[in-house]
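**Student:** Got final_6.txt for you, compact mmCIF, C-alpha atoms:
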# COMPACT_ATOMS: atom_id res chain seq x y z
CA MET A 1 13.34 -28.01 -38.20
CA PRO A 2 14.55 -28.01 -41.82
CA GLU A 3 14.63 -24.86 -43.93
CA ARG A 4 11.16 -23.44 -44.63
CA GLY A 5 9.58 -26.00 -42.32
CA VAL A 6 6.75 -24.78 -40.07
CA GLU A 7 5.57 -26.29 -36.82
CA MET A 8 2.88 -25.22 -34.37
CA GLN A 9 4.08 -25.69 -30.82
CA THR A 10 2.09 -25.67 -27.59
CA TRP A 11 3.57 -25.74 -24.11
CA VAL A 12 1.51 -26.13 -20.96
CA TYR A 13 3.32 -25.98 -17.64
CA GLU A 14 2.30 -25.65 -14.03
CA VAL A 15 3.90 -24.49 -10.82
CA ASP A 16 1.80 -25.74 -7.93
CA ASP A 17 1.95 -24.34 -4.42
CA LEU A 18 4.87 -21.95 -4.67
CA GLU A 19 5.56 -21.52 -0.96
CA THR A 20 7.28 -18.15 -1.16
CA ASN A 21 4.54 -16.53 -3.24
CA ASN A 22 1.41 -17.02 -1.12
CA HIS A 23 1.21 -20.67 -2.17
CA SER A 24 0.42 -19.58 -5.68
CA LYS A 25 -0.62 -22.01 -8.36
CA THR A 26 0.00 -21.11 -11.98
CA THR A 27 -0.78 -22.78 -15.26
CA SER A 28 0.92 -21.19 -18.25
CA LEU A 29 0.28 -21.69 -21.95
CA TRP A 30 2.90 -20.95 -24.62
CA TRP A 31 1.55 -21.21 -28.14
CA GLY A 32 2.97 -20.20 -31.47
CA PRO A 33 4.45 -21.12 -34.82
CA LEU A 34 8.06 -22.12 -35.28
CA ILE A 35 9.59 -21.39 -38.67
CA GLY A 36 12.78 -22.90 -40.11
CA VAL A 37 14.57 -19.89 -41.60
CA THR A 38 17.60 -22.00 -42.47
CA ASP A 39 18.57 -25.54 -41.51
CA GLN A 40 20.13 -24.09 -38.36
CA LEU A 41 18.08 -21.01 -37.50
CA GLU A 42 14.49 -21.14 -36.26
CA LEU A 43 12.16 -18.28 -35.42
CA ALA A 44 9.18 -18.55 -33.08
CA LEU A 45 6.33 -16.11 -32.53
CA PRO A 46 4.88 -17.09 -29.17
CA ILE A 47 1.92 -15.73 -27.29
CA GLU A 48 1.66 -16.65 -23.65
CA PHE A 49 -1.34 -16.93 -21.37
CA GLU A 50 -1.29 -17.43 -17.62
CA TRP A 51 -3.80 -18.58 -15.04
CA ILE A 52 -2.84 -17.84 -11.44
CA SER A 53 -4.39 -18.43 -8.06
CA ALA A 54 -2.84 -17.48 -4.74
CA ASP A 55 -3.86 -17.23 -1.10
CA GLY A 56 -5.84 -14.05 -0.58
CA MET A 57 -5.61 -13.01 -4.22
CA GLY A 58 -8.33 -14.98 -5.95
CA THR A 59 -7.73 -16.22 -9.47
CA ASN A 60 -6.81 -14.51 -12.68
CA PHE A 61 -6.41 -15.62 -16.28
CA THR A 62 -4.83 -13.31 -18.80
CA LEU A 63 -2.84 -12.88 -21.95
CA GLN A 64 0.54 -12.38 -20.31
CA ARG A 65 2.97 -11.54 -23.10
CA PHE A 66 3.88 -12.03 -26.75
CA GLY A 67 7.09 -11.68 -28.69
CA ILE A 68 9.66 -13.22 -30.97
CA GLU A 69 12.40 -15.70 -30.33
CA ALA A 70 15.29 -17.14 -32.31
CA ARG A 71 16.99 -20.50 -31.83
CA TYR A 72 20.31 -21.16 -33.51
CA ARG A 73 22.01 -24.55 -33.70
CA PHE A 74 25.73 -24.35 -34.19
CA VAL A 75 25.80 -27.74 -35.94
CA SER A 76 23.69 -29.48 -38.57
CA GLN A 77 20.21 -30.57 -37.49
CA ASP A 78 20.57 -33.74 -39.60
CA PRO A 79 20.87 -36.54 -37.00
CA GLU A 80 23.40 -38.36 -39.17
CA ASP A 81 25.63 -35.32 -39.77
CA MET A 82 25.35 -33.97 -36.25
CA PRO A 83 28.45 -34.36 -34.05
CA PRO A 84 27.92 -35.90 -30.59
CA PHE A 85 28.04 -32.47 -28.93
CA ALA A 86 25.42 -30.05 -30.26
CA PRO A 87 25.27 -26.53 -28.81
CA LEU A 88 22.28 -24.25 -29.26
CA VAL A 89 21.51 -20.67 -28.27
CA ARG A 90 18.03 -19.20 -27.78
CA VAL A 91 17.19 -15.52 -27.40
CA ALA A 92 13.76 -13.94 -27.06
CA VAL A 93 12.27 -10.48 -26.70
CA LYS A 94 8.73 -10.25 -25.36
CA ARG A 95 6.23 -7.53 -24.62
CA ASP A 96 4.51 -7.91 -21.29
CA VAL A 97 0.79 -7.21 -21.63
CA VAL A 98 0.09 -6.85 -17.91
CA GLU A 99 3.15 -4.83 -16.92
CA ARG A 100 2.94 -2.60 -19.95
CA ALA A 101 6.15 -0.72 -19.26
CA ALA A 102 8.13 -3.94 -19.05
CA THR A 103 10.17 -5.70 -21.70
CA ARG A 104 11.18 -9.27 -21.11
CA LEU A 105 14.48 -10.63 -22.40
CA GLU A 106 15.21 -14.35 -22.36
CA GLY A 107 18.35 -16.25 -23.23
CA ASP A 108 19.46 -19.87 -23.08
CA LEU A 109 22.69 -21.66 -23.76
CA VAL A 110 21.95 -25.32 -24.37
CA GLY A 111 24.41 -28.15 -24.91
CA SER A 112 23.43 -31.73 -25.67
CA TYR A 113 25.60 -34.80 -25.98
CA GLN A 114 24.49 -37.92 -27.81
CA ALA A 115 26.12 -41.29 -27.11
CA GLY A 116 24.22 -44.05 -28.87
CA PRO A 117 20.65 -44.02 -27.54
CA VAL A 118 21.60 -41.82 -24.57
CA ASN A 119 21.22 -38.05 -24.68
CA VAL A 120 22.48 -35.71 -21.98
CA LEU A 121 21.38 -32.09 -22.02
CA ALA A 122 22.25 -29.00 -19.96
CA ASP A 123 20.47 -25.66 -20.26
CA LEU A 124 21.61 -22.41 -18.69
CA GLY A 125 18.76 -19.95 -19.01
CA ILE A 126 18.31 -16.39 -17.86
CA VAL A 127 15.24 -14.14 -17.87
CA ALA A 128 15.34 -10.39 -17.31
CA GLN A 129 12.26 -8.21 -17.10
CA ILE A 130 13.28 -4.59 -17.60
CA ASP A 131 10.68 -2.09 -16.44
CA THR A 132 10.78 1.57 -17.46
CA ASP A 133 8.30 2.41 -14.71
CA PRO A 134 10.52 3.81 -11.90
CA MET A 135 8.09 2.41 -9.33
CA LYS A 136 8.70 -1.12 -10.56
CA GLU A 137 11.85 -3.08 -9.97
CA ASP A 138 13.60 -5.03 -12.70
CA ILE A 139 13.46 -8.81 -12.30
CA VAL A 140 16.29 -11.22 -13.09
CA GLU A 141 15.91 -14.98 -12.89
CA ALA A 142 18.32 -17.81 -13.54
CA ARG A 143 16.71 -20.91 -15.06
CA PRO A 144 19.17 -23.78 -15.06
CA GLY A 145 18.17 -27.28 -16.08
CA ALA A 146 19.72 -30.62 -16.94
CA GLY A 147 18.40 -33.95 -18.10
CA ILE A 148 19.24 -37.36 -19.41
CA SER A 149 17.13 -39.60 -21.63
CA ILE A 150 17.41 -42.88 -23.46
CA GLU A 151 15.65 -44.02 -26.61
CA VAL A 152 13.80 -47.16 -25.56
CA VAL A 153 12.09 -47.82 -28.89
CA GLU A 154 12.24 -45.81 -32.09
CA GLY A 155 10.60 -42.45 -31.45
CA LEU A 156 10.16 -42.87 -27.68
CA ARG A 157 12.60 -41.49 -25.14
CA VAL A 158 12.34 -41.67 -21.35
CA GLY A 159 14.57 -40.14 -18.73
CA GLY A 160 14.76 -37.64 -15.93
CA GLU A 161 15.52 -34.00 -15.38
CA ILE A 162 16.12 -31.29 -12.84
CA TYR A 163 15.00 -27.72 -13.38
CA ALA A 164 14.92 -24.52 -11.35
CA GLU A 165 13.74 -20.93 -11.58
CA LEU A 166 15.82 -18.88 -9.16
CA ASN A 167 15.19 -15.23 -8.51
CA LEU A 168 18.38 -13.23 -8.54
CA GLN A 169 16.89 -9.75 -8.27
CA GLY A 170 13.68 -7.87 -7.77
CA ASN A 171 11.25 -10.46 -6.52
CA ASP A 172 10.28 -11.53 -3.03
CA ASP A 173 9.78 -15.16 -3.79
CA LYS A 174 12.97 -17.15 -3.90
CA GLY A 175 12.02 -19.28 -6.86
CA TRP A 176 11.72 -22.99 -6.93
CA ALA A 177 13.33 -26.22 -8.10
CA GLY A 178 12.01 -29.65 -9.06
CA ILE A 179 13.19 -33.03 -10.20
CA GLY A 180 11.39 -35.89 -11.90
CA PRO A 181 10.91 -38.21 -14.86
CA ASN A 182 10.35 -37.07 -18.42
CA PHE A 183 9.46 -38.57 -21.79
CA ALA A 184 9.34 -37.58 -25.46
CA TRP A 185 7.51 -39.35 -28.27
CA THR A 186 7.65 -38.59 -31.98
CA TYR A 187 5.12 -39.96 -34.42
CA GLY A 188 5.21 -38.72 -38.00
CA ARG A 189 4.63 -35.00 -38.04
CA PHE A 190 3.62 -34.99 -34.35
CA TRP A 191 5.71 -35.00 -31.19
CA ILE A 192 4.92 -34.68 -27.52
CA SER A 193 7.10 -34.42 -24.44
CA GLY A 194 6.35 -34.12 -20.78
CA ALA A 195 7.91 -34.00 -17.36
CA ALA A 196 6.48 -34.59 -13.89
CA LEU A 197 8.72 -32.57 -11.60
CA VAL A 198 8.36 -32.98 -7.87
CA GLY A 199 9.42 -30.02 -5.77
CA ILE A 200 12.73 -30.06 -3.98
CA TYR A 201 12.76 -26.34 -3.18
CA HIS A 202 9.73 -24.17 -2.31
CA VAL A 203 7.25 -25.95 -4.59
CA LYS A 204 5.11 -29.06 -4.56
CA LEU A 205 4.74 -30.02 -8.20
CA ALA A 206 5.75 -28.60 -11.57
CA PRO A 207 4.38 -30.81 -14.38
CA ARG A 208 4.90 -29.83 -18.02
CA PHE A 209 3.57 -30.91 -21.41
CA MET A 210 4.74 -29.70 -24.80
CA TRP A 211 3.64 -30.83 -28.22
CA GLY A 212 4.16 -29.83 -31.81
CA VAL A 213 2.71 -30.55 -35.22
CA ALA A 214 4.79 -29.93 -38.34
CA PHE A 215 3.35 -28.77 -41.64
CA MET B 216 80.98 -28.94 -59.38
CA ARG B 217 79.46 -29.82 -56.06
CA VAL B 218 75.94 -29.71 -57.54
CA VAL B 219 76.28 -32.94 -59.51
CA PRO B 220 77.33 -35.10 -56.57
CA THR B 221 74.49 -33.61 -54.53
CA ILE B 222 71.90 -34.50 -57.18
CA LEU B 223 73.38 -37.96 -57.57
CA CYS B 224 73.28 -38.38 -53.82
CA CYS B 225 69.61 -37.37 -53.73
CA LEU B 226 68.73 -39.75 -56.52
CA PHE B 227 70.65 -42.50 -54.82
CA LEU B 228 68.85 -41.92 -51.55
CA ALA B 229 65.53 -41.76 -53.31
CA ALA B 230 66.12 -44.89 -55.32
CA PRO B 231 64.95 -47.37 -52.68
CA ALA B 232 61.62 -45.55 -52.43
CA PHE B 233 61.07 -45.70 -56.20
CA ALA B 234 62.21 -49.31 -56.17
CA ASP B 235 59.66 -50.14 -53.46
CA LYS B 236 56.84 -48.59 -55.47
CA ALA B 237 57.93 -50.33 -58.64
CA ALA B 238 58.15 -53.60 -56.77
CA VAL B 239 54.41 -53.57 -55.91
CA PRO B 240 52.61 -54.76 -59.01
CA PRO B 241 49.04 -53.63 -59.55
CA PRO B 242 46.54 -56.27 -58.51
CA PRO B 243 45.61 -58.52 -61.42
CA SER B 244 42.49 -57.31 -63.13
CA GLY B 245 40.39 -57.73 -66.22
CA ARG B 246 37.59 -56.05 -68.09
CA ILE B 247 33.88 -56.78 -68.28
CA LYS B 248 31.74 -55.38 -71.05
CA GLY B 249 28.31 -56.08 -72.40
CA LYS B 250 24.84 -54.78 -73.01
CA VAL B 251 21.85 -54.39 -70.73
CA THR B 252 18.37 -54.43 -72.21
CA VAL B 253 15.39 -53.06 -70.32
CA THR B 254 11.78 -53.91 -70.98
CA GLU B 255 8.62 -52.66 -69.38
CA ALA B 256 6.28 -55.04 -67.59
CA ASP B 257 4.32 -55.55 -70.82
CA GLY B 258 7.46 -56.68 -72.63
CA LYS B 259 7.93 -53.51 -74.66
CA PRO B 260 11.44 -52.07 -74.73
CA ALA B 261 12.26 -49.12 -72.46
CA PRO B 262 14.74 -47.11 -74.49
CA GLY B 263 16.94 -44.57 -72.73
CA ALA B 264 16.41 -46.01 -69.26
CA ASP B 265 19.11 -45.08 -66.75
CA ILE B 266 21.07 -48.24 -66.02
CA ILE B 267 23.85 -48.76 -63.49
CA VAL B 268 26.14 -51.77 -63.78
CA TYR B 269 28.29 -52.67 -60.78
CA ILE B 270 30.20 -55.56 -59.30
CA LEU B 271 30.39 -57.10 -55.86
CA ALA B 272 33.13 -59.51 -54.84
CA PRO B 273 34.03 -61.04 -51.49
CA ASN B 274 36.44 -58.86 -49.52
CA PHE B 275 36.65 -56.28 -52.28
CA SER B 276 36.06 -52.69 -51.28
CA GLU B 277 37.56 -49.36 -52.27
CA PRO B 278 37.52 -46.08 -50.37
CA GLY B 279 35.23 -43.32 -51.56
CA GLY B 280 34.82 -39.83 -50.20
CA THR B 281 36.30 -37.99 -53.14
CA ALA B 282 33.41 -37.73 -55.58
CA THR B 283 30.17 -35.73 -55.60
CA GLU B 284 27.39 -36.87 -57.90
CA LYS B 285 24.52 -34.59 -58.83
CA ILE B 286 20.75 -35.15 -58.89
CA ALA B 287 18.98 -32.00 -60.08
CA GLN B 288 15.32 -31.16 -59.57
CA LYS B 289 14.18 -30.07 -62.98
CA GLY B 290 10.70 -30.05 -64.53
CA ARG B 291 9.29 -31.77 -61.42
CA LYS B 292 11.66 -34.67 -61.98
CA PHE B 293 14.93 -35.82 -60.52
CA VAL B 294 17.55 -35.70 -63.25
CA PRO B 295 19.06 -38.24 -63.38
CA ASP B 296 16.75 -40.42 -61.35
CA LEU B 297 19.39 -43.06 -60.69
CA VAL B 298 22.99 -42.58 -59.57
CA ALA B 299 25.62 -44.81 -58.04
CA VAL B 300 28.19 -43.60 -55.56
CA THR B 301 30.98 -45.24 -53.64
CA LYS B 302 30.53 -45.36 -49.86
CA ASP B 303 31.48 -41.98 -48.30
CA ASP B 304 30.87 -40.10 -51.56
CA SER B 305 28.37 -37.23 -51.65
CA VAL B 306 25.38 -36.27 -53.78
CA ALA B 307 24.41 -32.65 -54.49
CA PHE B 308 20.73 -31.79 -55.01
CA PRO B 309 20.48 -28.49 -56.94
CA ASN B 310 17.00 -27.07 -57.50
CA GLU B 311 16.69 -25.96 -61.13
CA ASP B 312 12.92 -25.45 -61.03
CA PRO B 313 11.36 -22.03 -60.49
CA PHE B 314 9.51 -23.34 -57.41
CA LEU B 315 10.34 -25.02 -54.12
CA HIS B 316 11.22 -28.67 -53.60
CA ASN B 317 11.69 -30.61 -50.38
CA VAL B 318 14.02 -33.55 -51.01
CA PHE B 319 14.01 -36.29 -48.39
CA SER B 320 14.72 -39.97 -47.82
CA GLN B 321 13.43 -42.41 -45.23
CA SER B 322 15.66 -45.28 -46.42
CA PRO B 323 17.56 -46.91 -43.55
CA PRO B 324 21.04 -46.47 -45.07
CA ARG B 325 20.60 -42.69 -45.11
CA LYS B 326 17.61 -40.80 -43.76
CA PHE B 327 17.64 -37.07 -44.44
CA ASP B 328 15.39 -34.07 -44.95
CA LEU B 329 16.81 -31.16 -46.93
CA GLY B 330 13.94 -28.81 -46.16
CA SER B 331 12.44 -26.63 -48.87
CA PHE B 332 14.78 -24.66 -51.05
CA LYS B 333 14.39 -22.51 -54.12
CA LYS B 334 15.83 -22.26 -57.62
CA GLY B 335 19.58 -21.84 -57.77
CA GLU B 336 20.16 -23.35 -54.33
CA SER B 337 21.76 -26.73 -53.77
CA LYS B 338 22.19 -28.97 -50.75
CA GLU B 339 24.53 -31.90 -50.37
CA LYS B 340 24.56 -35.12 -48.37
CA LYS B 341 27.27 -37.68 -47.72
CA PHE B 342 26.40 -41.38 -47.94
CA ASP B 343 28.41 -43.47 -45.51
CA GLN B 344 26.47 -46.73 -45.53
CA THR B 345 26.09 -49.08 -48.46
CA GLY B 346 22.59 -49.84 -49.67
CA VAL B 347 19.72 -48.50 -51.73
CA VAL B 348 18.49 -45.00 -50.88
CA ASP B 349 15.11 -43.96 -52.28
CA VAL B 350 14.79 -40.20 -52.63
CA TYR B 351 11.50 -38.29 -52.93
CA CYS B 352 10.11 -34.77 -52.84
CA ASN B 353 7.70 -33.97 -50.01
CA ILE B 354 5.86 -31.44 -52.19
CA HIS B 355 5.66 -33.35 -55.49
CA PRO B 356 4.81 -37.02 -54.97
CA GLU B 357 5.55 -37.91 -58.60
CA MET B 358 9.25 -37.20 -58.08
CA ALA B 359 11.40 -40.22 -57.24
CA ALA B 360 15.06 -41.14 -57.56
CA THR B 361 17.36 -43.90 -56.36
CA ILE B 362 20.92 -43.73 -55.09
CA LEU B 363 22.96 -46.94 -55.02
CA VAL B 364 25.67 -46.67 -52.37
CA LEU B 365 28.28 -49.27 -53.29
CA PRO B 366 31.36 -50.63 -51.52
CA ASN B 367 33.73 -50.10 -54.47
CA LYS B 368 34.32 -47.88 -57.47
CA LYS B 369 33.61 -50.51 -60.08
CA HIS B 370 30.27 -49.12 -61.17
CA VAL B 371 29.35 -47.47 -64.40
CA ARG B 372 26.34 -45.93 -66.14
CA ALA B 373 25.42 -47.74 -69.35
CA ASP B 374 25.09 -45.60 -72.47
CA ALA B 375 21.77 -44.87 -74.17
CA GLN B 376 21.91 -48.20 -76.00
CA GLY B 377 22.63 -50.10 -72.78
CA ASN B 378 26.33 -50.76 -73.54
CA TYR B 379 28.81 -50.67 -70.69
CA VAL B 380 32.46 -51.34 -69.95
CA LEU B 381 33.85 -51.99 -66.47
CA GLU B 382 37.63 -51.56 -66.34
CA GLY B 383 40.02 -52.81 -63.65
CA VAL B 384 37.76 -55.52 -62.27
CA PRO B 385 39.77 -57.57 -59.78
CA ALA B 386 40.65 -61.07 -60.97
CA GLY B 387 38.66 -63.84 -59.39
CA GLU B 388 35.03 -64.62 -58.89
CA VAL B 389 32.78 -61.54 -59.03
CA THR B 390 29.08 -60.92 -59.46
CA VAL B 391 27.99 -58.39 -62.07
CA PHE B 392 24.76 -56.55 -61.30
CA ALA B 393 22.57 -54.32 -63.47
CA TYR B 394 19.93 -52.06 -61.95
CA THR B 395 17.40 -49.58 -63.23
CA ARG B 396 14.69 -47.71 -61.35
CA ARG B 397 11.39 -49.56 -61.05
CA ALA B 398 13.19 -52.87 -61.59
CA THR B 399 11.62 -55.43 -59.37
CA LYS B 400 15.16 -56.49 -58.41
CA PRO B 401 18.67 -56.14 -59.86
CA VAL B 402 19.74 -58.87 -62.26
CA SER B 403 23.13 -60.44 -61.80
CA SER B 404 25.58 -62.89 -63.26
CA LYS B 405 28.45 -64.57 -61.44
CA VAL B 406 31.65 -64.70 -63.52
CA THR B 407 35.34 -65.41 -63.08
CA VAL B 408 37.65 -62.63 -64.20
CA THR B 409 41.17 -63.47 -65.31
CA ALA B 410 44.12 -61.09 -65.30
CA GLY B 411 44.12 -59.17 -68.56
CA GLY B 412 41.01 -61.00 -69.74
CA VAL B 413 37.88 -59.52 -71.30
CA LEU B 414 34.50 -60.95 -70.45
CA THR B 415 31.21 -60.18 -72.15
CA VAL B 416 28.20 -60.20 -69.85
CA ASP B 417 24.80 -59.28 -71.29
CA LEU B 418 21.93 -58.75 -68.88
CA ALA B 419 18.19 -58.15 -69.21
CA LEU B 420 16.08 -56.12 -66.80
CA GLN B 421 12.34 -55.81 -66.50
CA ARG B 422 10.67 -52.76 -65.03
CA GLY B 423 7.55 -52.74 -62.92
CA ALA B 424 5.29 -49.96 -61.77
CA GLU B 425 6.52 -47.15 -59.55
CA ALA B 426 6.17 -48.35 -55.97
CA PRO B 427 3.85 -46.17 -53.87
CA HIS B 428 5.54 -44.13 -51.18
CA LYS B 429 4.62 -41.97 -48.21
CA ASN B 430 5.61 -38.38 -47.51
CA LYS B 431 8.41 -37.52 -45.11
CA TYR B 432 6.11 -37.89 -42.10
CA GLY B 433 5.18 -41.43 -43.08
CA ALA B 434 1.70 -40.36 -44.17
CA ASN B 435 -0.07 -40.34 -47.51
CA TYR B 436 0.38 -37.26 -49.68
CA GLN B 437 -2.57 -34.88 -49.52
CA GLY B 438 -4.46 -34.04 -52.69
CA PRO B 439 -3.71 -35.03 -56.24
CA SER B 440 -0.31 -34.42 -57.71
CA GLY B 441 0.00 -30.88 -58.95
CA SER B 442 -2.24 -29.31 -56.35
CA TYR B 443 0.70 -28.28 -54.17
CA PRO B 444 1.99 -24.74 -53.88
CA LYS B 445 4.60 -23.96 -56.46
Reformat the file's structure so that it appears as structure tokens.
**Tutor:**
Amino acid sequence: MPERGVEMQTWVYEVDDLETNNHSKTTSLWWGPLIGVTDQLELALPIEFEWISADGMGTNFTLQRFGIEARYRFVSQDPEDMPPFAPLVRVAVKRDVVERAATRLEGDLVGSYQAGPVNVLADLGIVAQIDTDPMKEDIVEARPGAGISIEVVEGLRVGGEIYAELNLQGNDDKGWAGIGPNFAWTYGRFWISGAALVGIYHVKLAPRFMWGVAF
Amino acid sequence: MRVVPTILCCLFLAAPAFADKAAVPPPPSGRIKGKVTVTEADGKPAPGADIIVYILAPNFSEPGGTATEKIAQKGRKFVPDLVAVTKDDSVAFPNEDPFLHNVFSQSPPRKFDLGSFKKGESKEKKFDQTGVVDVYCNIHPEMAATILVLPNKKHVRADAQGNYVLEGVPAGEVTVFAYTRRATKPVSSKVTVTAGGVLTVDLALQRGAEAPHKNKYGANYQGPSGSYPK
């Protein structure tokens, strides 16, 4: 995202049949603008909705949280100036609408390596939900991920990835992990990416779609 | 007393190095001068057009990377709208207008997007592939400039009357090119340069209309020129 660029991003992701949480099924929506503050710093203002259904709990759809997040690239975003290894850090602070005493902190360290048409990426993410309500326990999750993709034609990448959400503290369910193919396609001011993760740990499926339109 | 022998000793030791340098004569070269005339498509003269004259010769290249040219954004124009750089040189793009510009290029030798930046700010790009780079503003479609990225330093901007002088042109067969923006193609003349010789090469260019271009997303610009936020 170049300086003063603006993009509207939408993420839709599902976790189907989470075994350790009453076989819950969730569909989450992340939506918000992304603003290029400088050529290396981006700010996002997401709002997040969640639909959930679980055994014995019925279904629920709600505004889950909103907040602000910053993404900083340590190297130029210009593909021709960028060195092969490009690190990025993401931090976010979010207000939980449902658990009103909770503040959610998110952080990611991302490193990508480009070798010709091949891109390898690793993401070490962590989420902490700090609750000031003494009756509620804080939640800490690790969210590691890694992927590889290759540009098959200009603007279209295909590859595969592995991703997990692992509960480290404060939650009965153990989390989940999935692996599967992914793709990304850029066309003018529009891009879309998706992944079809198949569960390898406590989940059946975890598909994901993200798209963005630049202005 | 011991100082003098020491100095003599140093000079003596250094002598072979000086001798080596002196023994390498500069490559034989000559000079090319002339005048370039530019006319519009209707045959009328185009006075004051920016003109670049350059040479290409087989197996002749020179390293760049030391110079930074400047293309300012001023009065909703790129000034100048034509520059030549040697491969690996840079171009700075200062914004001298009191409103935002978004300079970009989709030309294969160097694609870039500088984002939007305000008056007093400048961004710079390095050009490491030879070729023609067309530069536009994503906010103001009427703004256009061209950067010629050349394999050697033998390029010069003609003066307001179209006169030019190229010094140090390597001896042998070379092709002299003249280029101006909106020219349908560069004009050229193949000549043979002799060591110490002076050649006169006059060239004539004809301009066409400004070629239409897309915005940085590959789409048509929205709205008429001038309706964009300042």
**Student:** Between chain B and chain A, at 7 Å or less, what are the per-residue closest atom pairs and their distances in Å? Count only C-alpha atoms, order by chain and rising residue number, and return it as CSV.
**Tutor:**
residue,atom,partner,partner_atom,distance
B:Phe327,CA,A:Asp78,CA,6.6
B:Asp328,CA,A:Pro2,CA,6.9
B:Leu329,CA,A:Pro2,CA,6.4
B:Gly330,CA,A:Pro2,CA,4.5
B:Ser331,CA,A:Arg4,CA,5.5
B:Tyr432,CA,A:Gly188,CA,4.3
B:Gly433,CA,A:Gly188,CA,5.8
**Student:** Restricting the output to C-alpha atoms, write the selected residues as a short mmCIF file (atom, residue, chain, number, x, y, z; two decimals), in the coordinates of the input.
**Tutor:**
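Final output, part38.cif:
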data_model
loop_
_atom_site.label_atom_id
_atom_site.label_comp_id
_atom_site.auth_asym_id
_atom_site.auth_seq_id
_atom_site.Cartn_x
_atom_site.Cartn_y
_atom_site.Cartn_z
CA PHE B 327 17.64 -37.07 -44.44
CA ASP B 328 15.39 -34.07 -44.95
CA LEU B 329 16.81 -31.16 -46.93
CA GLY B 330 13.94 -28.81 -46.16
CA SER B 331 12.44 -26.63 -48.87
CA TYR B 432 6.11 -37.89 -42.10
CA GLY B 433 5.18 -41.43 -43.08
#
**Student:** Suppose you want the space between atom CA of Gln288 of chain B and atom CA of Glu311 of chain B; what is it in Å?
**Tutor:**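 Here the two named atoms are 5.6 Å from each other.
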**Student:** Enter the distance from atom CA of Ile362 of chain B to atom CA of Thr395 of chain B, in Å, rounded to one decimal.
**Tutor:**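 Going from atom CA of Ile362 of chain B over to atom CA of Thr395 of chain B, I get 10.6 Å.
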**Student:** Excluding same-chain residues fewer than 3 positions from Ala102 of chain A, what lies within 6 Å of it counting all atoms listed in the file, as a list in words?
**Tutor:** Asp96, Glu99, Ile130 and Asp131 of chain A
**Student:** When distances are computed from only C-alpha atoms, which of A:Val153, A:Val75, A:Val91, A:Val98 shows the smallest separation from Ala128 of chain A?
**Tutor:**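 Ranked by minimum distance to Ala128 of chain A, first place goes to A:Val91.
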**Student:** What residues have an atom no more than 8 Å from (20.7, -53.2, -72.2) in the file's own frame, counting all atoms listed in the file, and can you write them as a PyMOL selection string?
**Tutor:** chain B and resi 250-253+266+373+376-378+417-420
**Student:** Under the rule that only C-alpha atoms are counted, which of B:Ala360, B:Ala264, B:Ile247, B:Cys352 is the nearest residue to Thr415 of chain B?
**Tutor:** B:Ile247
**Student:** Rank A:Phe66, A:Asn182, A:Pro84, A:Asp16 by their smallest atom-to-atom distance to Trp51 of chain A, using only C-alpha atoms, and report the top residue only.
**Tutor:**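 Checking each candidate against Trp51 of chain A, we get A:Asp16 as the closest.
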**Student:** Between atom CA of Ala287 of chain B and atom CA of Pro309 of chain B, what is the distance in Å, rounded to a tenth?
**Tutor:**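 According to the coordinates, atom CA of Ala287 of chain B and atom CA of Pro309 of chain B are separated by 4.9 Å.
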**Student:** Using all atoms listed in the file, which of the listed residues (B:Lys429, B:His316, B:Lys405, B:Lys369) sits closest to Val300 of chain B?
**Tutor:**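 With all atoms listed in the file as the atom set, the closest residue is B:Lys369.
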**Student:** Please provide the set of residues having any atom within 12 Å of Gly290 of chain B, restricted to all atoms listed in the file, with same-chain residues fewer than 6 positions apart removed, written as a ChimeraX atom specification.
**Tutor:** /B:310-316,334,355,357-358,445
